[in-house]
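J.: One structure, pasted below without further comment.
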Amino acid sequence: GSQCGFCTPGFVMSMYALLRSCKESPSHEEIEESLSGNLCRCTGYRPILEAFRAFAKRIDAAYTDDSVAGVGIRAVDVGINNKETICPSTGKPCNCMVNAGSNLRDNDGNQLELKPGEPIFPHELVVRKACPLILRGTQGMMWFRPLRLQDVLDLKFSHPDAKLIVGNTEVGIETRFKNIHYPVLISTALVPELNITEIREDGLEIGASVTLAKFLKVLQACIKQRKSYEISACMAFIEQLRWFAGCQIRNVASVGGNICTASPISDLNPLWMSSKAVFTVIDHKGLFRTLPARDFFIGYRKVAMEKNEILYSVFLPWTRKCEYVKEFKQAHRRDDDIAIVNAGMRVSFCQGEGTWIVAEASLAYGGVAPSTLCAYKTEMFLKGKEWNEDTLQGALKQLQEDIVIPKNAPGGMVEFRLSLTTSFFFKFFLYTAYKLEAEAKFCHWFPENYRSATVPYQRPLSYGTQKYQVRDNGAAVGQPLMHLSAKLQVTGEAEYTDDLPMPSDGLYAAFVLSTKPHARIVSIDGMEAKAVPGFEGLFTSKDIPGGNKIGAVRDDEELFATHVVTCVGQLIGIVVANTFENAKAAAQKVKVVYEELPAILSIEDALKAGSFHPGTERILQKGDVDACFASGLCDHVIEGSMQVGGQEHFYLEPNTTLIWTTDGGNEVVMVSSTQAPQKHQKFVSHVLGIPMHRVVCKTKRIGGGFGGKETRSAFIAAAAAVPAFLLQKPVRITLDRNVDMLITGQRHPFLGKYKVGFTSKGKVLALDLKLYNNGGNSQDLSHSVLERAMFHSDNVYEIPNVHIHGQVCFTNLASNTAFRGFGGPQGMLITENWIEQIARELDKSPEEIRELNFQKEGYELHYGQQLEQCTLQKLWSELNQSCEFKKKREDAENFNKVNRWRKRGVAMVPTKFGISFTTKFMNQAGALVQVYTDGTVLVTHGGVEMGQGLHTKIAQIAASSFGIPLSAVFISETSTDKVPNASPTAASASSDMYGAAVLDACLQIKARMEPLALKNTHSSFAELANICYMERIDLSAHGFYKTPDIGFHWSVGKGKPFSYFTFGAAFADVEIDTLTGDFHLRRVDIVMDLGTSLNPAIDIGQIEGAFVQGLGWVALEEVKWGDGAHLWIKPGHLFTQGPGAYKLPSVNDTPVDFRVSLLKDVANAKAIHSSKAVGEPPLFLASAAFFAIKDAILAARHESGYDGFFVLDSPATPERIRMACADQFTKPFATHDIRPLLSI
């Protein structure tokens, strides 16, 4: 369950907290819920969940201080004597905690008597008497923690602008990431009066400081105690809290804090308003007054309280008979995400003559106005009406008058948000009709297939299966062995760059960044920065001792901008100070004056302006496209386009470098979080004006990279090198998440325009394709990314006539860069789009069209390479059989017939991914292997361990070669002074290349040892090593490997860019809510050809992780910046900075049923030990989910009379899913062919 390991301690502590707080073994559902607030970018979550589920199967004594007898078994039955307990770490009998805590004392010095077992929380803190606190910080900041209510009121009176906090979950974000300064903070967490909870006869009273977790428990208690008709509002709050943040936030965030923040997208405020809640406030004189929740929110983040008042408590009345309250929420991601639109709705009925009449209605919406909004006109319309079709239609029309969102309103997605307001009301109308049906024998007119629209989503327990062959040869290679760093990672002992201790004279750095997308720099003023405490220096382009021009391929960037900035986030300078906080504060004080210039902010802008990076035009062709189109052979010709959005890498470890000089500045050493230490070495050497042999870059491990740390980390290290070199002091730079996302670029957005000719049977005859990617403000690797997209634009299909034209667009955005797949997924996604369009044109299934056009062994690809070892048909057939595709298709169709507002879709999608760097010289690798006299082996190679298991596979190769245990091999850090000129760890080729280089070195050593080994005078490898040493045999070797028989020539457009191909296919079964755009993956099956796997356990983990990362790319993660499509964002500014605005898949987004299988008996003659590369190829298989979603949408559109192909750009977010479903609720706001705006 651990790959890069950076997120692992967080998961472990979340699980530990659950175990320590459970009175009995946690359920599987509780385990998944406890992890919902944690994020992982590597694993796909499945192995983490499976590992932790072991805790759900152990006896209760493993989790509490209860005796073994307390769970109904005898101690002797489990081997426990009178002095032993169950160890919470191992789940086995032990006496490790018998004497724990014997020296603990309370505040008064009295010895504490603790029960045997592990303390849940340090007992001295549990019994410690709380005392008032006053803390003082920088810039005059004061933090108070009073214990008495009157003290809180007095402080608020003395400091009217003070912020009241409990969990600091909102204010902490504002101060850290929005640079908002609050001079006075008052914690009310320990004030007894503000922590009351009282279940009364008329309702529930909750103190303002009560945490959301405690509030939830009180609501659950109410469910058990009160009559069923009284708890409708309680049930609504419980359901809404289910999706409110993660449990870590709910444990500390308060009811009052959420209310008084007055966020327009608060999940709870619409419910308070609709459920007739009453808020009690108190002033400094102790005077109380009450306000209805409906009157409390008076503007954007403004409430109806005076500055000397605080919120005291909240009263929630019980509901009456035939009164119903319901919650609604739609977000980008179901779990732990802020709402796009939410709502709370209530209606109470009285019985008329043979019917039910609305006595009172309340509709409150969030996410549609600057503050939570009541639909007053609709409420008045409903009052006194019968609950019938006329009332429904009238209310829907009235809502359109109540809720109006301006076209360029903050948040965008205007059509989607408006459609949600009516969709939510329709769901509420159905819900109440069905409730009245069950409780009051109400006769409604809705058909039975509407009923599932009101069923709340309940995620089943997820599970997975993995199938693979294991080599039975007695060697380490081929065994499903654990990641070598896993134990260090789960204990939190694995060291990353930022864990290195800071030298006593070390300085911290922060960047001065451009705030304009394109502008001339008029002046830079650092005077105010110099006044910040701890300031040590500001360095700009004039201070660079060497060259300022840098670049991954072309030197088309400046380290520090001199005269002109070309994107928001471009480096202008770097500040160093004695603390990270002081460095950031000083950097913010640097004043830069600009003269703004016109900016190009999208591919569309670039095409209109003819803005391209020079020399990036590429053409690939095969056959004669024009002649084919003109020949009449094509029974059908289609044209279309597809937009493919970008993706943020979101490696959990941000870019980090610690750099220092030694020997009086004669040598520079750095430790960096990078996939390419050689690039760091080269950039620093160039910027400082010193030769490369005086610069050393080391990397132990990195917390994820995915291509984002291949080139875009190097300029960060180079910038830090300038002050380190000039001041002769160590400098550390660790980027904040929002800064990292702003300046380092993302996966390239693409635009594909195609024209395809095919026969009536579906055989593809011709493809004319234009591809454009958004390179940003420098070329970086954009040209190579474009080339790979062009190579992969056939995916797995025979196309006799091909013409592909590609070009890299120059835009005033941060330079985009490598990301897992490197352009291949974008090219293949566009291909699968037109394959699906062919299927809809011919009224056939896309799977039939795909299989009809499969490439076969020996086929010549459109760039001249011949296809070898093609296992496509074999794995496709295996997948078809294992997923029971025909049955799943029938099941989906049957489900869709009986469900109007929920639809299911299925899809099978193949992939073929070329393995090698497409730039020939990069396909080389070096390694250093050293055998010691005790028989142990030290391996150093040029690859970087970033969670993909490279070091583990390399160790297996070395151990197998020498015939020694895996434990006898150690992989040292990657360092440029051990293995020079190493290519980046990228292109999925590292195991192939570095494994072969290590094997080469091992074979050299074995060849030297062989004469002595043949004498057979040794009983172990250690003895043989010592014998060789005594005979002066060299036990160290440098290994080298270069990938043979590859090379491509763009001058002729032909060659062999890839050593071989990795094939795969995936099946996805998806269910969508057509009224909201919500979806979930019911099942995913993957079959991949990985040859004879070096380590099937690691390879399975790579497949699962790549799929879930790909799922984010095609369905969840949308990058937004200020462009013509998003006028509510400042031009050129990245909106999706940080996890608050940018949503990765979470635990609850993974497939419920996740099955992965490796194809058997398919040895690959082209790579070490017959294996195949795995890192990038599986990512594209997530497109099966994308096309399954399209399949489900197709069923929804059919209900509204819209058949045939429709455009769905990527990612298929809830907005795009909902609007594509095109029904009576979207019709007032958008046409059926709307393409929601996308930054590309």
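Following the order of the structure tokens, first chain is A, next is B, and so on, with residues numbered from 1 inside each chain and ligands from 1 in the order they appear.
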Run DSSP on the backbone and grab whatever in range 433-640 of chain A lands in alpha helix (DSSP H); send it over as a ChimeraX atom specification.

T.: /A:433-440,486-490,527-530,580-589,603-609,625-631

J.: Just to be explicit: take each residue in the selection above, keep N, CA and C atoms, and write the result as a compact mmCIF listing (two decimals), in the first residue's frame.

T.:
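Final output, out_7.txt:
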```
# COMPACT_ATOMS: atom_id res chain seq x y z
N ALA A 433 -43.13 13.43 -2.49
CA ALA A 433 -44.25 12.64 -3.00
C ALA A 433 -44.15 11.19 -2.54
N TYR A 434 -42.94 10.64 -2.59
CA TYR A 434 -42.76 9.26 -2.15
C TYR A 434 -42.91 9.13 -0.63
N LYS A 435 -42.48 10.15 0.11
CA LYS A 435 -42.68 10.13 1.57
C LYS A 435 -44.17 10.17 1.91
N LEU A 436 -44.89 11.04 1.22
CA LEU A 436 -46.34 11.12 1.46
C LEU A 436 -47.03 9.82 1.05
N GLU A 437 -46.53 9.22 0.00
CA GLU A 437 -47.08 7.94 -0.44
C GLU A 437 -46.94 6.89 0.66
N ALA A 438 -45.76 6.85 1.26
CA ALA A 438 -45.48 5.83 2.28
C ALA A 438 -46.18 6.13 3.60
N GLU A 439 -46.29 7.43 3.96
CA GLU A 439 -46.77 7.78 5.28
C GLU A 439 -48.22 8.24 5.31
N ALA A 440 -48.74 8.71 4.16
CA ALA A 440 -50.10 9.27 4.17
C ALA A 440 -50.94 8.79 2.99
N ALA A 486 9.23 0.29 2.06
CA ALA A 486 7.89 0.29 2.63
C ALA A 486 7.90 0.39 4.16
N LYS A 487 8.78 -0.34 4.81
CA LYS A 487 8.78 -0.31 6.28
C LYS A 487 9.19 1.06 6.81
N LEU A 488 10.15 1.67 6.15
CA LEU A 488 10.54 3.02 6.56
C LEU A 488 9.41 4.01 6.33
N GLN A 489 8.68 3.80 5.27
CA GLN A 489 7.61 4.74 4.93
C GLN A 489 6.44 4.63 5.91
N VAL A 490 6.05 3.43 6.28
CA VAL A 490 4.90 3.29 7.18
C VAL A 490 5.22 3.73 8.60
N MET A 527 13.08 47.78 -1.11
CA MET A 527 13.32 48.51 0.14
C MET A 527 12.46 47.98 1.29
N GLU A 528 11.19 47.78 1.05
CA GLU A 528 10.32 47.28 2.12
C GLU A 528 10.71 45.86 2.53
N ALA A 529 11.18 45.08 1.60
CA ALA A 529 11.59 43.71 1.93
C ALA A 529 12.76 43.70 2.89
N LYS A 530 13.65 44.66 2.71
CA LYS A 530 14.83 44.71 3.58
C LYS A 530 14.48 44.99 5.03
N PHE A 580 11.52 30.50 6.97
CA PHE A 580 10.70 30.41 5.76
C PHE A 580 9.63 31.48 5.77
N GLU A 581 9.02 31.71 6.94
CA GLU A 581 7.96 32.72 7.04
C GLU A 581 8.50 34.11 6.72
N ASN A 582 9.69 34.43 7.24
CA ASN A 582 10.28 35.74 6.96
C ASN A 582 10.65 35.89 5.49
N ALA A 583 11.11 34.79 4.89
CA ALA A 583 11.46 34.86 3.47
C ALA A 583 10.21 35.13 2.63
N LYS A 584 9.13 34.45 2.95
CA LYS A 584 7.88 34.69 2.22
C LYS A 584 7.37 36.11 2.43
N ALA A 585 7.45 36.57 3.68
CA ALA A 585 6.96 37.93 3.97
C ALA A 585 7.79 38.97 3.22
N ALA A 586 9.09 38.75 3.16
CA ALA A 586 9.96 39.70 2.46
C ALA A 586 9.69 39.67 0.96
N ALA A 587 9.50 38.47 0.41
CA ALA A 587 9.23 38.36 -1.03
C ALA A 587 7.95 39.09 -1.40
N GLN A 588 6.98 39.05 -0.52
CA GLN A 588 5.71 39.74 -0.80
C GLN A 588 5.85 41.26 -0.71
N LYS A 589 6.90 41.71 -0.05
CA LYS A 589 7.11 43.16 0.10
C LYS A 589 7.85 43.77 -1.09
N ILE A 603 -5.11 28.01 -26.57
CA ILE A 603 -4.80 27.50 -27.91
C ILE A 603 -5.59 28.29 -28.96
N GLU A 604 -6.83 28.59 -28.64
CA GLU A 604 -7.65 29.37 -29.58
C GLU A 604 -7.01 30.74 -29.85
N ASP A 605 -6.55 31.41 -28.79
CA ASP A 605 -5.86 32.69 -28.98
C ASP A 605 -4.64 32.52 -29.86
N ALA A 606 -3.88 31.45 -29.61
CA ALA A 606 -2.64 31.22 -30.36
C ALA A 606 -2.92 30.96 -31.84
N LEU A 607 -3.96 30.19 -32.12
CA LEU A 607 -4.30 29.90 -33.51
C LEU A 607 -4.72 31.16 -34.24
N LYS A 608 -5.48 32.02 -33.56
CA LYS A 608 -5.90 33.27 -34.19
C LYS A 608 -4.71 34.19 -34.46
N ALA A 609 -3.74 34.17 -33.54
CA ALA A 609 -2.60 35.08 -33.65
C ALA A 609 -1.42 34.45 -34.39
N VAL A 625 -3.96 10.67 -48.19
CA VAL A 625 -5.25 10.98 -47.58
C VAL A 625 -6.19 11.64 -48.57
N ASP A 626 -5.69 12.65 -49.25
CA ASP A 626 -6.55 13.40 -50.18
C ASP A 626 -7.08 12.50 -51.29
N ALA A 627 -6.23 11.65 -51.80
CA ALA A 627 -6.66 10.75 -52.87
C ALA A 627 -7.71 9.77 -52.37
N CYS A 628 -7.56 9.32 -51.15
CA CYS A 628 -8.53 8.38 -50.57
C CYS A 628 -9.89 9.04 -50.42
N PHE A 629 -9.89 10.28 -49.89
CA PHE A 629 -11.16 10.99 -49.73
C PHE A 629 -11.83 11.24 -51.09
N ALA A 630 -11.01 11.47 -52.10
CA ALA A 630 -11.56 11.79 -53.42
C ALA A 630 -11.93 10.55 -54.23
N SER A 631 -11.48 9.38 -53.79
CA SER A 631 -11.64 8.17 -54.60
C SER A 631 -13.03 7.57 -54.58
```

J.: Residues near range 175-189 of chain A, anyone? I mean within 8 Å using only C-alpha atoms, not counting same-chain ones fewer than 3 positions away, as a PyMOL selection string.

T.: chain A and resi 139-147+152+155+159+161-167+171-172+194-195+209-210+738

J.: Once you count only C-alpha atoms, what closest atom pair and distance in Å to one decimal does each residue of range 453-504 of chain A within 12 Å of range 961-985 of chain A have, with rows by chain and rising residue number, as CSV?

T.:
```
residue,atom,partner,partner_atom,distance
A:Asn473,CA,A:Gly963,CA,11.2
A:Gly474,CA,A:Gly963,CA,9.1
A:Ala475,CA,A:Gly963,CA,7.0
A:Ala476,CA,A:Leu966,CA,6.7
A:Val477,CA,A:Ser961,CA,9.1
A:Gln479,CA,A:Leu966,CA,10.8
A:Leu481,CA,A:Leu966,CA,9.6
A:Met482,CA,A:Leu966,CA,10.9
A:His483,CA,A:Leu966,CA,11.5
A:Leu484,CA,A:Ser967,CA,9.3
A:Ser485,CA,A:Ile971,CA,10.5
A:Glu495,CA,A:Glu973,CA,11.4
A:Tyr496,CA,A:Glu973,CA,11.4
A:Thr497,CA,A:Glu973,CA,11.8
```

J.: Measuring between only C-alpha atoms, which one of A:Val341, A:Gly640, A:His693, A:Gly864 shows the shortest distance to Leu767 in chain A?

T.: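 That would be A:Gly640, the residue with the smallest distance to Leu767 in chain A.
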
J.: Which one of A:Pro317, A:Gly1077, A:Pro264, A:Pro122 sits closest to Lys1190 in chain A if you count only C-alpha atoms?

T.: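 Result for the nearest residue to Lys1190 in chain A: A:Gly1077.
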
J.: Select from range 701-906 of chain A everything DSSP, run on the backbone, classes as strand (DSSP E or B), then give the selection as a PyMOL selection string.

T.: chain A and resi 731-734+747+750-758+764-776+797+801-810+854+860+866+902-906

J.: From the list A:Asn795, A:Thr1076, A:Ser1170, A:Thr616, which residue is nearest Ser419 in chain A when using only C-alpha atoms?

T.: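 Between A:Asn795, A:Thr1076, A:Ser1170, A:Thr616, the residue approaching Ser419 in chain A most closely is A:Thr1076.
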
J.: Applying 6 Å and only C-alpha atoms, which residues near range 831-842 of chain A remain after dropping the ones on its own chain fewer than 6 positions away? List them as a PyMOL selection string.

T.: chain A and resi 793+1204-1205

J.: Write out as a PyMOL selection string which residues come within 10 Å of Val568 in chain A when counting only C-alpha atoms, dropping same-chain ones fewer than 3 positions away.

T.: chain A and resi 513-519+565+571+742-743+812-814+1131-1134

J.: Mind dumping the selected residues with all heavy atoms as a compact mmCIF listing (two decimals), in the first residue's frame?

T.:
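Heads up, here's the output in result.txt:
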```txt
# COMPACT_ATOMS: atom_id res chain seq x y z
N LEU A 513 7.58 36.61 -7.69
CA LEU A 513 6.95 36.09 -8.90
C LEU A 513 6.17 37.16 -9.64
O LEU A 513 5.60 38.07 -9.02
CB LEU A 513 6.00 34.94 -8.54
CG LEU A 513 6.62 33.74 -7.82
CD1 LEU A 513 5.54 32.77 -7.39
CD2 LEU A 513 7.66 33.05 -8.69
N SER A 514 6.13 37.01 -10.92
CA SER A 514 5.35 37.93 -11.75
C SER A 514 3.86 37.79 -11.44
O SER A 514 3.36 36.67 -11.22
CB SER A 514 5.58 37.64 -13.22
OG SER A 514 4.59 38.26 -14.02
N THR A 515 3.14 38.88 -11.45
CA THR A 515 1.69 38.87 -11.27
C THR A 515 0.97 39.23 -12.55
O THR A 515 -0.25 39.40 -12.54
CB THR A 515 1.28 39.84 -10.15
OG1 THR A 515 1.71 41.17 -10.50
CG2 THR A 515 1.89 39.45 -8.82
N LYS A 516 1.71 39.35 -13.64
CA LYS A 516 1.12 39.69 -14.93
C LYS A 516 1.47 38.62 -15.96
O LYS A 516 2.59 38.09 -15.97
CB LYS A 516 1.63 41.06 -15.43
CG LYS A 516 1.40 42.21 -14.47
CD LYS A 516 -0.08 42.49 -14.26
CE LYS A 516 -0.29 43.65 -13.28
NZ LYS A 516 -1.74 43.89 -13.02
N PRO A 517 0.53 38.32 -16.90
CA PRO A 517 0.83 37.30 -17.90
C PRO A 517 1.81 37.76 -18.98
O PRO A 517 2.54 36.94 -19.54
CB PRO A 517 -0.55 36.97 -18.50
CG PRO A 517 -1.37 38.20 -18.26
CD PRO A 517 -0.87 38.79 -16.98
N HIS A 518 1.80 39.04 -19.28
CA HIS A 518 2.73 39.57 -20.28
C HIS A 518 2.91 41.06 -20.00
O HIS A 518 1.95 41.83 -20.06
CB HIS A 518 2.18 39.36 -21.69
CG HIS A 518 3.17 39.64 -22.77
ND1 HIS A 518 2.81 39.93 -24.08
CD2 HIS A 518 4.53 39.70 -22.76
CE1 HIS A 518 3.88 40.12 -24.81
NE2 HIS A 518 4.96 39.99 -24.03
N ALA A 519 4.11 41.45 -19.65
CA ALA A 519 4.32 42.85 -19.27
C ALA A 519 5.79 43.18 -19.30
O ALA A 519 6.66 42.31 -19.19
CB ALA A 519 3.76 43.12 -17.87
N VAL A 565 8.20 39.99 -18.58
CA VAL A 565 7.67 38.73 -18.05
C VAL A 565 6.65 38.19 -19.05
O VAL A 565 5.93 38.95 -19.70
CB VAL A 565 7.01 38.91 -16.67
CG1 VAL A 565 8.04 39.26 -15.62
CG2 VAL A 565 5.89 39.93 -16.69
N LEU A 571 9.70 33.74 -12.52
CA LEU A 571 10.63 34.20 -11.50
C LEU A 571 11.21 35.56 -11.87
O LEU A 571 11.73 35.75 -12.98
CB LEU A 571 11.77 33.20 -11.33
CG LEU A 571 11.57 32.08 -10.30
CD1 LEU A 571 10.36 31.22 -10.65
CD2 LEU A 571 12.83 31.22 -10.21
N LEU A 742 1.45 26.81 -9.45
CA LEU A 742 1.43 28.00 -10.29
C LEU A 742 2.59 28.04 -11.27
O LEU A 742 2.42 28.41 -12.44
CB LEU A 742 1.45 29.26 -9.41
CG LEU A 742 1.58 30.61 -10.13
CD1 LEU A 742 0.34 30.88 -10.97
CD2 LEU A 742 1.82 31.72 -9.12
N ILE A 743 3.79 27.66 -10.82
CA ILE A 743 4.99 27.96 -11.61
C ILE A 743 5.57 26.77 -12.37
O ILE A 743 6.44 26.97 -13.23
CB ILE A 743 6.08 28.59 -10.73
CG1 ILE A 743 6.73 27.56 -9.79
CG2 ILE A 743 5.54 29.77 -9.95
CD1 ILE A 743 7.91 28.11 -9.00
N ASN A 812 0.97 32.81 -23.02
CA ASN A 812 1.51 33.50 -21.86
C ASN A 812 1.04 32.83 -20.57
O ASN A 812 0.37 33.42 -19.72
CB ASN A 812 1.10 34.98 -21.88
CG ASN A 812 1.75 35.72 -23.03
OD1 ASN A 812 1.08 36.19 -23.94
ND2 ASN A 812 3.08 35.82 -23.00
N LEU A 813 1.41 31.57 -20.47
CA LEU A 813 1.11 30.75 -19.29
C LEU A 813 2.39 30.04 -18.88
O LEU A 813 3.32 29.89 -19.68
CB LEU A 813 0.02 29.73 -19.60
CG LEU A 813 -1.33 30.29 -20.07
CD1 LEU A 813 -2.18 29.19 -20.68
CD2 LEU A 813 -2.06 30.94 -18.90
N ALA A 814 2.44 29.59 -17.64
CA ALA A 814 3.62 28.85 -17.18
C ALA A 814 3.85 27.65 -18.08
O ALA A 814 2.91 26.96 -18.49
CB ALA A 814 3.42 28.40 -15.73
N PRO A 1131 -6.75 37.58 -15.76
CA PRO A 1131 -6.07 37.04 -16.94
C PRO A 1131 -4.74 36.38 -16.61
O PRO A 1131 -3.88 36.96 -15.94
CB PRO A 1131 -5.87 38.28 -17.82
CG PRO A 1131 -6.96 39.21 -17.42
CD PRO A 1131 -7.15 38.99 -15.94
N GLY A 1132 -4.59 35.14 -17.08
CA GLY A 1132 -3.34 34.42 -16.91
C GLY A 1132 -3.12 33.82 -15.54
O GLY A 1132 -2.17 33.07 -15.34
N HIS A 1133 -4.00 34.09 -14.58
CA HIS A 1133 -3.85 33.57 -13.23
C HIS A 1133 -4.45 32.17 -13.13
O HIS A 1133 -5.54 31.91 -13.62
CB HIS A 1133 -4.52 34.49 -12.21
CG HIS A 1133 -3.75 35.74 -11.93
ND1 HIS A 1133 -3.10 35.98 -10.74
CD2 HIS A 1133 -3.51 36.83 -12.70
CE1 HIS A 1133 -2.51 37.16 -10.78
NE2 HIS A 1133 -2.74 37.70 -11.96
N LEU A 1134 -3.73 31.26 -12.49
CA LEU A 1134 -4.21 29.90 -12.28
C LEU A 1134 -5.20 29.89 -11.13
O LEU A 1134 -4.86 30.28 -10.00
CB LEU A 1134 -3.04 28.96 -11.99
CG LEU A 1134 -3.39 27.49 -11.77
CD1 LEU A 1134 -3.90 26.87 -13.07
CD2 LEU A 1134 -2.16 26.72 -11.27
```

J.: Determine the nearest neighbour of Gly821 in chain A from the options A:Ser672, A:Thr454, A:Ser960, A:Gln1109, counting only C-alpha atoms.

T.: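 Ranking A:Ser672, A:Thr454, A:Ser960, A:Gln1109 by distance to Gly821 in chain A, first place goes to A:Gln1109.
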
J.: Which residue is closest to Ser36 in chain A? Choose from A:Arg904, A:Lys1042, A:Arg250, A:Lys326 and count only C-alpha atoms.

T.: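 Using only C-alpha atoms, Ser36 in chain A sits closest to A:Arg250.
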